[in-house]
Amino acid sequence: MSDDIRDEQLSRLYREAADDAPPEALDRAILAASRAALAPPRRRPWRPSWTVPVGVAATLVLTVTLTLMVQREQEPPLIEAPPLPRAPAAPPEAKREAARREAEGPLAAPAPAPEATRPASPPPAGGQKDLPAAATEAAGAADPASPAAAMRRQSAPAADAVEMRAKAAPLRKQAAGAAAARTPEQWLEEIRQLKNQGREKEAAEALAEFRQAYPDHRLPEDWR
Amino acid sequence: MHEGMSDEALMLAYRDGDAAAFEALYRRWRSRLYRYLLRQCGAAAQADELFQDIWLKVVNARKGYEVAAKFSTWLYRIAHNRLIDHYRAQGRAEIISYDDDPDDAGRVAALPAAATAQPERVFERKALAQELVRQIEALPAAQRETFLLSEEGELTLEEIAAATGVNRETAKSRLRYAVNKLRFALKDLR
């Protein structure tokens with residue numbers, strides 16, 4: 001202590017008054033801080049190591065997909081847009097026949113039939129370059145409020161038609177040779193003559209060709 | 001477990017990760033350090049703030065702690081510096097009164113008379129002790145601090161000098177003045 005300078009009576013008296021102490025809340029705060037200082041630093045929450053590369057890959061795939069979709073919408077259709085019927089007075093039977101021939105292509109179309117089902121207005125001039133405009137115009141007629149959506153609706157069935165044409169092309173070429181020279185009635189008469197002559201095999205082959213060329217044509221009653 | 005350990009050993013144990021060692025050390029010194037601050041500031045709110053700051057400094061200094069002096073000397077050295085900062089921030093005159101006044105001895109007669117000088121209360125020790133506290137708080141800052149370091153910190157003159165950054169003779173002079181003033185103020189009450 002402070003040696004001979006201290007006054008023992010004074011010190012004793014002072015200690016009798018020394019009953020002040022810090023508040024308990026202060027004690028708790030300081031002790032908590034002392035413990036917290038010893039705690040190891042908190043690490044970042046665990047995160048799987050694969051999340052970053054997977055996230056980057058997903059972003060790339062999404063970006064590429066969106067880019068391709070935008071490009072496809074901006075490109076002109078690769079196939080000829082189907083001509084739009086502008087003759088509302090055409091009978092339903094003629095419309096179905098026209099749709100069938102359109103799907104089969106010009107090689108399969110019998111000579112007389114197209115005249116009845118051809119669209120009333122001629123196709124737009126200018127070739128393939130003008131096709132998007134034509135499609136847009138047609139779409140606008142169907143749904144003026146949404147030309148882009150209409151364009152998409154138009155291009156989808158056209159693509160299907162191209163695929164169907166490619167599949168049926170060999171068979172139709174074969175049948176078309178026979179169909180081009182005669183009407184269905186003439187062809188059926190020839191087959192009937194083959195049957196009458198007893199050339200059943202040739203008659204069956206010819207009938208098969210006929211059915212490929214005219215699948216919807218009604219056969220005679222006695223052949224069914 | 002920690003009762004027999006010295007203050008310095010407790011602080012070293014805390015440095016090495018023993019939280020209970022700090023708590024034992026804190027329990028030993030909390031009241032004495034708090035009273036040291038309370039007598040200096042005179043306001044509990046300010047004492048609370050300084051008290052917390054000082055202990056947080058102790059906590060933060062644990063990594064570099066080495067036994068270069070008694071723990072109490074180190075602790076009161078931190079407290080002294082924090083108190084000086086507090087005075088400066090407050091713009092209070094105590095910082096000036098830390099300069100030694102050669103005429104300080106002459107002020108003894110000018111000290112206020114004891115407020116509880118009535119004869120019927122002279123024998124009330126509690127009241128006398130409270131008057132002592134009041135007289136301590138009326139001391140010049142340097143003398144008050146020296147007296148409190150001697151009483152609360154139980155520091156020697158050399159340790160008081162180390163804690164307050166003065167030489168031993170200055171510390172001794174301050175303590176002598178403080179004790180003499182307190183004796184004089186209480187002479188009629190004892």
# chains A, B, ... in the order shown; residues from 1 in each chain; ligands from 1
call {"tool": "select_by_dssp", "arguments": {"residues": "chain B", "states": "helix (DSSP H, G or I)", "output": "ChimeraX atom specification"}}
result
/B:7-15,19-41,44-60,62-64,71-90,94-97,104-110,119-122,125-137,141-151,157-164,168-186
call {"tool": "interface_residues", "arguments": {"of": "chain A", "to": "chain B", "cutoff": "12 Å", "atoms": "only C-alpha atoms", "output": "number ranges by chain"}}
result
A: 1-40
call {"tool": "write_last_selection", "arguments": {"atoms": "N, CA, C and O atoms", "output": "compact mmCIF listing (two decimals), in the first residue's frame"}}
result
# COMPACT_ATOMS: atom_id res chain seq x y z
N MET A 1 0.83 -1.18 0.00
CA MET A 1 0.00 0.00 0.00
C MET A 1 0.87 1.25 0.00
O MET A 1 2.04 1.19 -0.27
N SER A 2 0.26 2.33 0.43
CA SER A 2 0.97 3.59 0.27
C SER A 2 1.74 3.98 1.53
O SER A 2 1.74 5.14 1.96
N ASP A 3 2.31 2.95 2.11
CA ASP A 3 3.30 3.13 3.17
C ASP A 3 2.78 3.98 4.35
O ASP A 3 1.63 3.89 4.75
N ASP A 4 3.63 4.83 4.81
CA ASP A 4 3.34 5.58 6.04
C ASP A 4 2.37 6.73 5.84
O ASP A 4 1.91 7.33 6.81
N ILE A 5 2.08 7.02 4.61
CA ILE A 5 1.20 8.17 4.35
C ILE A 5 -0.25 7.82 4.68
O ILE A 5 -1.03 8.68 5.07
N ARG A 6 -0.59 6.59 4.53
CA ARG A 6 -1.99 6.21 4.73
C ARG A 6 -2.41 6.42 6.18
O ARG A 6 -1.66 6.23 7.11
N ASP A 7 -3.69 6.76 6.27
CA ASP A 7 -4.31 6.93 7.58
C ASP A 7 -5.28 5.77 7.76
O ASP A 7 -6.28 5.68 7.06
N GLU A 8 -4.96 4.89 8.72
CA GLU A 8 -5.76 3.68 8.88
C GLU A 8 -7.19 3.98 9.27
O GLU A 8 -8.13 3.33 8.81
N GLN A 9 -7.38 4.98 10.12
CA GLN A 9 -8.74 5.34 10.50
C GLN A 9 -9.54 5.84 9.29
O GLN A 9 -10.71 5.49 9.12
N LEU A 10 -8.86 6.61 8.48
CA LEU A 10 -9.51 7.13 7.27
C LEU A 10 -9.86 5.99 6.32
O LEU A 10 -10.95 5.95 5.73
N SER A 11 -8.93 5.06 6.19
CA SER A 11 -9.17 3.92 5.28
C SER A 11 -10.34 3.08 5.78
O SER A 11 -11.19 2.65 4.99
N ARG A 12 -10.40 2.85 7.08
CA ARG A 12 -11.49 2.05 7.63
C ARG A 12 -12.83 2.75 7.43
O ARG A 12 -13.82 2.14 7.03
N LEU A 13 -12.83 4.02 7.63
CA LEU A 13 -14.07 4.78 7.43
C LEU A 13 -14.49 4.76 5.96
O LEU A 13 -15.67 4.63 5.64
N TYR A 14 -13.50 4.87 5.09
CA TYR A 14 -13.83 4.86 3.67
C TYR A 14 -14.45 3.53 3.26
O TYR A 14 -15.42 3.48 2.51
N ARG A 15 -13.94 2.44 3.78
CA ARG A 15 -14.46 1.12 3.39
C ARG A 15 -15.90 0.92 3.87
O ARG A 15 -16.66 0.18 3.28
N GLU A 16 -16.24 1.59 4.96
CA GLU A 16 -17.62 1.48 5.43
C GLU A 16 -18.60 2.11 4.45
O GLU A 16 -19.77 1.74 4.40
N ALA A 17 -18.10 3.05 3.68
CA ALA A 17 -18.98 3.70 2.70
C ALA A 17 -18.87 3.05 1.32
O ALA A 17 -19.62 3.40 0.41
N ALA A 18 -17.96 2.11 1.22
CA ALA A 18 -17.70 1.54 -0.11
C ALA A 18 -18.64 0.39 -0.41
O ALA A 18 -18.26 -0.78 -0.39
N ASP A 19 -19.89 0.72 -0.65
CA ASP A 19 -20.85 -0.34 -0.98
C ASP A 19 -21.42 -0.17 -2.38
O ASP A 19 -22.38 -0.85 -2.74
N ASP A 20 -20.86 0.72 -3.13
CA ASP A 20 -21.34 0.88 -4.50
C ASP A 20 -20.79 -0.25 -5.37
O ASP A 20 -19.65 -0.68 -5.22
N ALA A 21 -21.63 -0.69 -6.30
CA ALA A 21 -21.23 -1.77 -7.20
C ALA A 21 -21.88 -1.54 -8.56
O ALA A 21 -22.92 -0.86 -8.64
N PRO A 22 -21.32 -2.08 -9.58
CA PRO A 22 -21.93 -1.90 -10.91
C PRO A 22 -23.26 -2.64 -11.00
O PRO A 22 -23.47 -3.64 -10.31
N PRO A 23 -24.16 -2.16 -11.83
CA PRO A 23 -25.45 -2.86 -12.01
C PRO A 23 -25.24 -4.27 -12.55
O PRO A 23 -24.26 -4.54 -13.26
N GLU A 24 -26.16 -5.14 -12.21
CA GLU A 24 -26.03 -6.54 -12.66
C GLU A 24 -26.08 -6.65 -14.19
O GLU A 24 -25.43 -7.52 -14.77
N ALA A 25 -26.86 -5.78 -14.81
CA ALA A 25 -26.94 -5.83 -16.28
C ALA A 25 -25.57 -5.56 -16.90
O ALA A 25 -25.21 -6.16 -17.92
N LEU A 26 -24.84 -4.67 -16.25
CA LEU A 26 -23.50 -4.36 -16.75
C LEU A 26 -22.58 -5.57 -16.57
O LEU A 26 -21.78 -5.90 -17.47
N ASP A 27 -22.72 -6.23 -15.43
CA ASP A 27 -21.95 -7.46 -15.21
C ASP A 27 -22.22 -8.48 -16.31
O ASP A 27 -21.30 -9.07 -16.88
N ARG A 28 -23.51 -8.68 -16.58
CA ARG A 28 -23.86 -9.69 -17.60
C ARG A 28 -23.32 -9.32 -18.97
O ARG A 28 -22.80 -10.18 -19.70
N ALA A 29 -23.41 -8.05 -19.31
CA ALA A 29 -22.94 -7.61 -20.64
C ALA A 29 -21.43 -7.82 -20.78
O ALA A 29 -20.95 -8.30 -21.82
N ILE A 30 -20.70 -7.48 -19.73
CA ILE A 30 -19.24 -7.60 -19.81
C ILE A 30 -18.82 -9.07 -19.85
O ILE A 30 -17.94 -9.46 -20.63
N LEU A 31 -19.46 -9.88 -19.03
CA LEU A 31 -19.10 -11.30 -19.03
C LEU A 31 -19.48 -11.97 -20.35
O LEU A 31 -18.74 -12.82 -20.87
N ALA A 32 -20.60 -11.55 -20.90
CA ALA A 32 -20.98 -12.10 -22.21
C ALA A 32 -19.96 -11.70 -23.27
O ALA A 32 -19.58 -12.51 -24.12
N ALA A 33 -19.50 -10.45 -23.19
CA ALA A 33 -18.49 -10.00 -24.16
C ALA A 33 -17.19 -10.77 -23.99
O ALA A 33 -16.52 -11.09 -24.99
N SER A 34 -16.86 -11.07 -22.75
CA SER A 34 -15.61 -11.80 -22.51
C SER A 34 -15.70 -13.22 -23.08
O SER A 34 -14.71 -13.75 -23.61
N ARG A 35 -16.87 -13.83 -22.98
CA ARG A 35 -17.04 -15.18 -23.55
C ARG A 35 -17.10 -15.13 -25.07
O ARG A 35 -16.53 -15.99 -25.75
N ALA A 36 -17.76 -14.12 -25.57
CA ALA A 36 -17.87 -14.02 -27.03
C ALA A 36 -16.50 -13.82 -27.68
O ALA A 36 -16.25 -14.29 -28.79
N ALA A 37 -15.62 -13.13 -26.96
CA ALA A 37 -14.29 -12.89 -27.52
C ALA A 37 -13.50 -14.18 -27.66
O ALA A 37 -12.61 -14.28 -28.51
N LEU A 38 -13.86 -15.16 -26.85
CA LEU A 38 -13.14 -16.44 -26.92
C LEU A 38 -13.72 -17.39 -27.96
O LEU A 38 -13.05 -18.34 -28.38
N ALA A 39 -14.97 -17.14 -28.33
CA ALA A 39 -15.63 -18.04 -29.28
C ALA A 39 -14.93 -17.96 -30.63
O ALA A 39 -14.48 -16.89 -31.04
N PRO A 40 -14.81 -19.09 -31.31
CA PRO A 40 -14.19 -19.05 -32.63
C PRO A 40 -15.04 -18.22 -33.57
O PRO A 40 -16.26 -18.15 -33.42
call {"tool": "atom_distance", "arguments": {"atom1": "atom CA of A:Trp187", "atom2": "atom CA of A:Asp216"}}
result
14.6 Å
call {"tool": "residues_around", "arguments": {"residues": "A:Arg218", "least_positions_apart": "6", "cutoff": "12 Å", "atoms": "only C-alpha atoms", "output": "MDAnalysis selection string"}}
result
chainID A and resid 184:185 188 210:211 224
call {"tool": "atom_distance", "arguments": {"atom1": "atom CA of B:Gln135", "atom2": "atom CA of B:Arg39"}}
result
10.2 Å
call {"tool": "atom_distance", "arguments": {"atom1": "atom CA of B:Ala43", "atom2": "atom CA of B:Asp7"}}
result
28.5 Å
call {"tool": "closest_residue", "arguments": {"among": "B:Lys57, B:Arg168, B:Lys63, B:His80", "to": "B:Ala141", "atoms": "only C-alpha atoms"}}
result
B:His80
